[in-house]
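To be precise, the following lines are final15.cif, and they hold mmCIF, C-alpha atoms.
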data_start
#
loop_
_atom_site.group_PDB
_atom_site.id
_atom_site.type_symbol
_atom_site.label_atom_id
_atom_site.label_comp_id
_atom_site.auth_asym_id
_atom_site.auth_seq_id
_atom_site.Cartn_x
_atom_site.Cartn_y
_atom_site.Cartn_z
ATOM 1 C CA MET A 16 36.153 16.987 12.079
ATOM 2 C CA LEU A 17 34.499 13.573 12.119
ATOM 3 C CA SER A 18 32.687 14.386 15.365
ATOM 4 C CA SER A 19 31.359 17.640 13.916
ATOM 5 C CA ARG A 20 30.039 15.765 10.856
ATOM 6 C CA ILE A 21 28.372 13.202 13.101
ATOM 7 C CA SER A 22 26.863 15.912 15.302
ATOM 8 C CA SER A 23 25.653 17.741 12.216
ATOM 9 C CA SER A 24 24.190 14.495 10.863
ATOM 10 C CA ILE A 25 22.399 13.800 14.139
ATOM 11 C CA LEU A 26 21.003 17.316 14.224
ATOM 12 C CA ARG A 27 19.732 17.032 10.625
ATOM 13 C CA SER A 28 18.153 13.640 11.305
ATOM 14 C CA ARG A 29 16.354 14.999 14.368
ATOM 15 C CA ILE A 30 15.070 17.948 12.379
ATOM 16 C CA LEU A 31 14.047 15.877 9.354
ATOM 17 C CA PHE A 32 12.701 12.923 11.326
ATOM 18 C CA PRO A 33 11.330 14.250 14.626
ATOM 19 C CA LYS A 34 10.137 11.815 17.250
ATOM 20 C CA ARG A 35 6.434 11.220 16.585
ATOM 21 C CA ASP A 36 5.208 8.466 18.901
ATOM 22 C CA ILE A 37 6.230 5.721 21.305
ATOM 23 C CA ASN A 38 7.064 3.371 18.409
ATOM 24 C CA ASN A 39 10.155 5.447 17.628
ATOM 25 C CA TYR A 40 13.550 4.271 18.790
ATOM 26 C CA HIS A 41 17.139 5.438 18.438
ATOM 27 C CA HIS A 42 19.464 3.558 16.096
ATOM 28 C CA ARG A 43 22.945 4.729 15.062
ATOM 29 C CA ASN A 44 22.268 8.237 16.331
ATOM 30 C CA THR A 45 19.166 8.748 14.175
ATOM 31 C CA ILE A 46 15.537 8.407 15.085
ATOM 32 C CA MET A 47 13.842 5.519 13.296
ATOM 33 C CA THR A 48 10.220 4.396 13.324
ATOM 34 C CA ALA A 49 9.267 0.764 13.872
ATOM 35 C CA THR A 50 7.945 -1.247 10.950
ATOM 36 C CA THR A 51 5.133 -3.762 11.425
ATOM 37 C CA ARG A 52 4.695 -6.681 9.035
ATOM 38 C CA ILE A 53 1.467 -8.710 8.950
ATOM 39 C CA GLY A 54 0.699 -11.856 6.983
ATOM 40 C CA THR A 55 4.239 -13.111 6.547
ATOM 41 C CA ASP A 56 3.359 -16.757 5.857
ATOM 42 C CA ASP A 57 4.214 -16.329 2.179
ATOM 43 C CA PRO A 58 7.998 -16.682 1.774
ATOM 44 C CA ARG A 59 8.006 -13.964 -0.924
ATOM 45 C CA MET A 60 6.241 -11.077 0.816
ATOM 46 C CA SER A 61 4.145 -9.659 3.633
ATOM 47 C CA LYS A 62 0.454 -9.019 3.033
ATOM 48 C CA ILE A 63 0.653 -5.729 4.947
ATOM 49 C CA VAL A 64 3.518 -3.473 5.984
ATOM 50 C CA VAL A 65 2.942 -0.446 8.207
ATOM 51 C CA HIS A 66 5.684 2.174 8.547
ATOM 52 C CA ASN A 67 5.450 5.797 9.696
ATOM 53 C CA LYS A 68 1.654 5.554 9.855
ATOM 54 C CA VAL A 69 1.483 4.483 6.205
ATOM 55 C CA VAL A 70 -0.026 1.117 5.205
ATOM 56 C CA TYR A 71 1.316 -0.762 2.195
ATOM 57 C CA ILE A 72 -0.576 -3.850 1.015
ATOM 58 C CA SER A 73 0.591 -6.475 -1.421
ATOM 59 C CA GLY A 74 -1.104 -6.815 -4.791
ATOM 60 C CA GLN A 75 -4.504 -8.497 -4.474
ATOM 61 C CA THR A 76 -5.983 -10.861 -7.049
ATOM 62 C CA ASP A 77 -8.967 -13.191 -7.305
ATOM 63 C CA ALA A 78 -9.243 -16.416 -9.263
ATOM 64 C CA THR A 79 -12.737 -17.411 -8.104
ATOM 65 C CA ALA A 80 -14.755 -15.130 -10.402
ATOM 66 C CA THR A 81 -14.491 -15.573 -14.153
ATOM 67 C CA ASP A 82 -15.260 -12.021 -15.300
ATOM 68 C CA ILE A 83 -13.720 -8.609 -14.636
ATOM 69 C CA THR A 84 -16.675 -7.354 -12.594
ATOM 70 C CA GLY A 85 -16.611 -10.301 -10.201
ATOM 71 C CA GLN A 86 -12.829 -10.347 -9.878
ATOM 72 C CA THR A 87 -12.694 -6.598 -9.216
ATOM 73 C CA GLN A 88 -15.436 -6.813 -6.566
ATOM 74 C CA ASN A 89 -13.627 -9.688 -4.840
ATOM 75 C CA VAL A 90 -10.248 -7.956 -5.008
ATOM 76 C CA LEU A 91 -11.645 -4.739 -3.531
ATOM 77 C CA ALA A 92 -13.278 -6.747 -0.728
ATOM 78 C CA LYS A 93 -9.805 -8.139 0.046
ATOM 79 C CA VAL A 94 -8.397 -4.598 0.063
ATOM 80 C CA ASP A 95 -11.137 -3.534 2.516
ATOM 81 C CA ASP A 96 -10.319 -6.507 4.755
ATOM 82 C CA LEU A 97 -6.570 -5.868 4.779
ATOM 83 C CA LEU A 98 -7.006 -2.168 5.519
ATOM 84 C CA SER A 99 -9.428 -2.922 8.356
ATOM 85 C CA GLN A 100 -6.854 -5.269 9.933
ATOM 86 C CA VAL A 101 -4.704 -2.228 10.681
ATOM 87 C CA GLY A 102 -7.524 0.129 11.588
ATOM 88 C CA THR A 103 -7.876 2.110 8.389
ATOM 89 C CA SER A 104 -10.174 2.142 5.373
ATOM 90 C CA LYS A 105 -10.527 3.022 1.703
ATOM 91 C CA SER A 106 -11.192 6.614 2.788
ATOM 92 C CA ASN A 107 -7.493 6.868 3.672
ATOM 93 C CA ILE A 108 -6.054 5.412 0.452
ATOM 94 C CA LEU A 109 -3.276 7.593 -0.924
ATOM 95 C CA THR A 110 -2.278 5.676 -4.059
ATOM 96 C CA ALA A 111 -3.638 2.774 -6.072
ATOM 97 C CA SER A 112 -1.948 0.713 -8.764
ATOM 98 C CA ILE A 113 -4.146 -1.458 -10.964
ATOM 99 C CA TRP A 114 -2.963 -4.018 -13.480
ATOM 100 C CA LEU A 115 -5.373 -5.394 -16.083
ATOM 101 C CA LYS A 116 -4.758 -8.423 -18.258
ATOM 102 C CA ASP A 117 -6.667 -6.828 -21.156
ATOM 103 C CA ILE A 118 -7.102 -3.082 -20.742
ATOM 104 C CA ASN A 119 -9.126 -2.705 -23.960
ATOM 105 C CA ASN A 120 -11.801 -5.199 -22.903
ATOM 106 C CA ASP A 121 -11.740 -4.853 -19.112
ATOM 107 C CA PHE A 122 -11.062 -1.199 -18.270
ATOM 108 C CA GLN A 123 -14.702 -0.101 -18.391
ATOM 109 C CA GLY A 124 -15.941 -3.025 -16.261
ATOM 110 C CA MET A 125 -13.185 -2.626 -13.687
ATOM 111 C CA ASN A 126 -13.655 1.142 -13.578
ATOM 112 C CA GLY A 127 -17.401 0.790 -12.950
ATOM 113 C CA VAL A 128 -16.775 -1.419 -9.916
ATOM 114 C CA TRP A 129 -13.931 0.844 -8.729
ATOM 115 C CA ASN A 130 -16.099 3.981 -8.979
ATOM 116 C CA ALA A 131 -18.963 2.360 -7.041
ATOM 117 C CA TRP A 132 -16.543 1.165 -4.320
ATOM 118 C CA LEU A 133 -14.430 4.298 -3.964
ATOM 119 C CA ASP A 134 -15.119 6.951 -1.309
ATOM 120 C CA PRO A 135 -15.995 9.890 -3.604
ATOM 121 C CA GLU A 136 -14.796 12.411 -1.013
ATOM 122 C CA ASN A 137 -11.357 10.798 -0.683
ATOM 123 C CA LYS A 138 -10.068 9.762 -4.092
ATOM 124 C CA PRO A 139 -6.461 8.537 -4.253
ATOM 125 C CA VAL A 140 -4.028 9.005 -7.085
ATOM 126 C CA ARG A 141 -4.218 5.993 -9.379
ATOM 127 C CA ALA A 142 -2.421 4.310 -12.237
ATOM 128 C CA THR A 143 -3.941 1.576 -14.397
ATOM 129 C CA VAL A 144 -1.875 -0.377 -16.907
ATOM 130 C CA GLU A 145 -2.072 -3.550 -18.937
ATOM 131 C CA ALA A 146 0.177 -6.388 -17.809
ATOM 132 C CA SER A 147 0.696 -10.112 -18.048
ATOM 133 C CA LEU A 148 -0.495 -11.383 -14.674
ATOM 134 C CA ALA A 149 0.899 -14.360 -12.736
ATOM 135 C CA ARG A 150 -1.798 -16.857 -13.769
ATOM 136 C CA PRO A 151 -3.880 -17.019 -16.953
ATOM 137 C CA GLN A 152 -7.247 -16.808 -15.141
ATOM 138 C CA LEU A 153 -6.354 -13.530 -13.381
ATOM 139 C CA LEU A 154 -7.861 -10.431 -14.973
ATOM 140 C CA VAL A 155 -7.008 -7.716 -12.414
ATOM 141 C CA GLU A 156 -4.549 -6.999 -9.608
ATOM 142 C CA VAL A 157 -4.830 -4.059 -7.205
ATOM 143 C CA GLN A 158 -2.285 -2.667 -4.756
ATOM 144 C CA VAL A 159 -2.918 0.340 -2.508
ATOM 145 C CA THR A 160 -1.044 2.503 -0.037
ATOM 146 C CA ALA A 161 -3.055 4.189 2.712
ATOM 147 C CA ALA A 162 -2.631 6.417 5.732
ATOM 148 C CA THR A 163 -3.557 5.027 9.132
ATOM 149 C CA GLU A 164 -5.276 8.269 10.149
#
For the structure just supplied, provide its representation as structure tokens.
Amino acid sequence: MLSSRISSSILRSRILFPKRDINNYHHRNTIMTATTRIGTDDPRMSKIVVHNKVVYISGQTDATATDITGQTQNVLAKVDDLLSQVGTSKSNILTASIWLKDINNDFQGMNGVWNAWLDPENKPVRATVEASLARPQLLVEVQVTAATE
């Protein structure tokens, strides 16, 4: 009975997770896909994680500009840079999460920069909320998930 459950489990895993590329490997009778982590100098997180052809970047902030327009422009430049490190771009963004320190005062300014930066033919889903950010001078934080193709 145990062997039939294992065989059934293997069959389901091969159907649900078919082998896609040479990065796949077998582990415990299921097919897994390798995960790549980039920018692991920070003891708390990776800057980029790529798994199953999906790119996840850590939240990006900027403390050099003093207004929402400047911080948003600088943050989105960081997003562009991180995505380019793994061969993708803003045109492949699937989701975006945006945190604003003061949504009432900064939403319009951030949104103007976002709209000018965004690929209008490839808009992701997006959520924007107000939050207390890690340092008092931070006004915006952006995290995106993107496809590699």
Point-to-point distance in Å for CA of Asn89 in chain A and CA of Asp77 in chain A: 6.3 Å
Edge lengths and centre in Å to one decimal, as AutoDock Vina command-line options, is what I'm after for the box along x, y and z that holds all listed atoms of range 86-93 of chain A once 4 Å is added on each side.
--center_x -12.6 --center_y -7.5 --center_z -4.9 --size_x 13.6 --size_y 13.6 --size_z 17.9
When the PyMOL selection byres ((chain A and resi 123-138) around 7) is applied to the structure above, which residues does it catch, written out as a PyMOL selection string? chain A and resi 83-84+87-88+105-106+121-122+139-140
Can you measure CA of Asn120 in chain A to CA of Ile72 in chain A for me? One decimal in Å is fine.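 Separating CA of Asn120 in chain A from CA of Ile72 in chain A is a distance of 26.5 Å.
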On this structure, the PyMOL selection byres ((chain A and resi 52) around 6) would catch which residues? List them as a short mmCIF file (atom, residue, chain, number, x, y, z; two decimals) with C-alpha atoms, keeping the file's coordinate frame, sorted by chain and number.
data_model
loop_
_atom_site.label_atom_id
_atom_site.label_comp_id
_atom_site.auth_asym_id
_atom_site.auth_seq_id
_atom_site.Cartn_x
_atom_site.Cartn_y
_atom_site.Cartn_z
CA THR A 51 5.13 -3.76 11.42
CA ILE A 53 1.47 -8.71 8.95
CA ILE A 63 0.65 -5.73 4.95
CA VAL A 64 3.52 -3.47 5.98
#
To test your reading of the syntax: which residues would the PyMOL selection byres ((chain A and resi 150-155) around 9) return for the file shown? Reply as a list in words.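 In the shown coordinates, the PyMOL selection byres ((chain A and resi 150-155) around 9) covers Gln75, Thr76, Asp77, Ala78, Thr79, Thr81, Asp82, Ile83, Gln86, Thr87, Val90, Ile113, Trp114, Leu115, Lys116, Asp117, Asp121, Met125, Ser147, Leu148, Ala149, Glu156 and Val157 of chain A.
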Nearest residue to Thr163 in chain A from the set A:Gly102, A:Gly85, A:Gly74, A:Pro58 (distances using only C-alpha atoms): A:Gly102
Å distance separating CA of Ser61 in chain A from CA of Ala142 in chain A, one decimal place: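 Separation of CA of Ser61 in chain A and CA of Ala142 in chain A: 22.1 Å.
Nearest residue to Lys62 in chain A, choosing from A:Ala92, A:Ser112, A:Leu98, A:Ala162 and counting only C-alpha atoms: A:Leu98.
Shortest atom-to-atom contact with Glu164 in chain A among A:Asn107, A:Thr50, A:Val70, A:Asp56: A:Asn107, counting only C-alpha atoms.
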Ranking A:Val144, A:Leu97, A:Ala161, A:Val69 by minimum distance to Leu109 in chain A and counting only C-alpha atoms, which one comes first? A:Ala161
Please rebuild range 98-121 of chain A with N, CA, C and O atoms and return the result as a short mmCIF file (atom, residue, chain, number, x, y, z; two decimals), in the frame of the given file.
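See rebuild-v7.cif below for the written result:
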data_model
loop_
_atom_site.label_atom_id
_atom_site.label_comp_id
_atom_site.auth_asym_id
_atom_site.auth_seq_id
_atom_site.Cartn_x
_atom_site.Cartn_y
_atom_site.Cartn_z
N LEU A 98 -7.07 -3.49 4.90
CA LEU A 98 -7.01 -2.17 5.52
C LEU A 98 -7.65 -2.17 6.91
O LEU A 98 -7.13 -1.55 7.84
N SER A 99 -8.75 -2.89 7.05
CA SER A 99 -9.43 -2.92 8.36
C SER A 99 -8.58 -3.64 9.41
O SER A 99 -8.68 -3.33 10.59
N GLN A 100 -7.73 -4.57 8.99
CA GLN A 100 -6.85 -5.27 9.93
C GLN A 100 -5.89 -4.33 10.66
O GLN A 100 -5.42 -4.64 11.75
N VAL A 101 -5.61 -3.19 10.06
CA VAL A 101 -4.70 -2.23 10.68
C VAL A 101 -5.43 -0.93 11.03
O VAL A 101 -4.80 0.11 11.23
N GLY A 102 -6.74 -0.99 11.09
CA GLY A 102 -7.52 0.13 11.59
C GLY A 102 -7.69 1.30 10.64
O GLY A 102 -7.87 2.43 11.07
N THR A 103 -7.65 1.04 9.35
CA THR A 103 -7.88 2.11 8.39
C THR A 103 -8.91 1.66 7.36
O THR A 103 -9.49 0.58 7.49
N SER A 104 -9.14 2.47 6.35
CA SER A 104 -10.17 2.14 5.37
C SER A 104 -9.85 2.76 4.02
O SER A 104 -8.90 3.53 3.88
N LYS A 105 -10.71 2.48 3.05
CA LYS A 105 -10.53 3.02 1.70
C LYS A 105 -10.57 4.55 1.69
O LYS A 105 -10.04 5.17 0.78
N SER A 106 -11.16 5.15 2.70
CA SER A 106 -11.19 6.61 2.79
C SER A 106 -9.81 7.21 3.00
O SER A 106 -9.61 8.41 2.78
N ASN A 107 -8.86 6.40 3.42
CA ASN A 107 -7.49 6.87 3.67
C ASN A 107 -6.49 6.42 2.62
O ASN A 107 -5.28 6.57 2.81
N ILE A 108 -6.97 5.85 1.51
CA ILE A 108 -6.05 5.41 0.45
C ILE A 108 -5.39 6.63 -0.17
O ILE A 108 -6.03 7.61 -0.51
N LEU A 109 -4.07 6.53 -0.32
CA LEU A 109 -3.28 7.59 -0.92
C LEU A 109 -2.99 7.31 -2.39
O LEU A 109 -3.08 8.20 -3.22
N THR A 110 -2.60 6.07 -2.68
CA THR A 110 -2.28 5.68 -4.06
C THR A 110 -2.88 4.31 -4.35
O THR A 110 -3.03 3.48 -3.46
N ALA A 111 -3.17 4.09 -5.62
CA ALA A 111 -3.64 2.77 -6.07
C ALA A 111 -2.96 2.45 -7.39
O ALA A 111 -2.86 3.31 -8.27
N SER A 112 -2.50 1.22 -7.50
CA SER A 112 -1.95 0.71 -8.76
C SER A 112 -2.83 -0.45 -9.19
O SER A 112 -3.12 -1.34 -8.38
N ILE A 113 -3.26 -0.42 -10.45
CA ILE A 113 -4.15 -1.46 -10.96
C ILE A 113 -3.54 -2.01 -12.24
O ILE A 113 -3.16 -1.25 -13.14
N TRP A 114 -3.46 -3.34 -12.29
CA TRP A 114 -2.96 -4.02 -13.48
C TRP A 114 -4.11 -4.82 -14.08
O TRP A 114 -4.79 -5.56 -13.38
N LEU A 115 -4.33 -4.66 -15.37
CA LEU A 115 -5.37 -5.39 -16.08
C LEU A 115 -4.73 -6.30 -17.13
O LEU A 115 -3.80 -5.88 -17.82
N LYS A 116 -5.25 -7.50 -17.25
CA LYS A 116 -4.76 -8.42 -18.26
C LYS A 116 -5.06 -7.89 -19.66
O LYS A 116 -4.24 -8.00 -20.56
N ASP A 117 -6.24 -7.34 -19.85
CA ASP A 117 -6.67 -6.83 -21.16
C ASP A 117 -7.35 -5.48 -20.96
O ASP A 117 -8.56 -5.41 -20.73
N ILE A 118 -6.58 -4.42 -21.05
CA ILE A 118 -7.10 -3.08 -20.74
C ILE A 118 -8.20 -2.65 -21.73
O ILE A 118 -9.14 -1.97 -21.35
N ASN A 119 -8.11 -3.09 -22.96
CA ASN A 119 -9.13 -2.70 -23.96
C ASN A 119 -10.49 -3.29 -23.63
O ASN A 119 -11.51 -2.63 -23.79
N ASN A 120 -10.53 -4.54 -23.19
CA ASN A 120 -11.80 -5.20 -22.90
C ASN A 120 -12.28 -5.02 -21.47
O ASN A 120 -13.48 -5.10 -21.21
N ASP A 121 -11.36 -4.80 -20.52
CA ASP A 121 -11.74 -4.85 -19.11
C ASP A 121 -11.71 -3.52 -18.37
O ASP A 121 -12.18 -3.43 -17.24
#
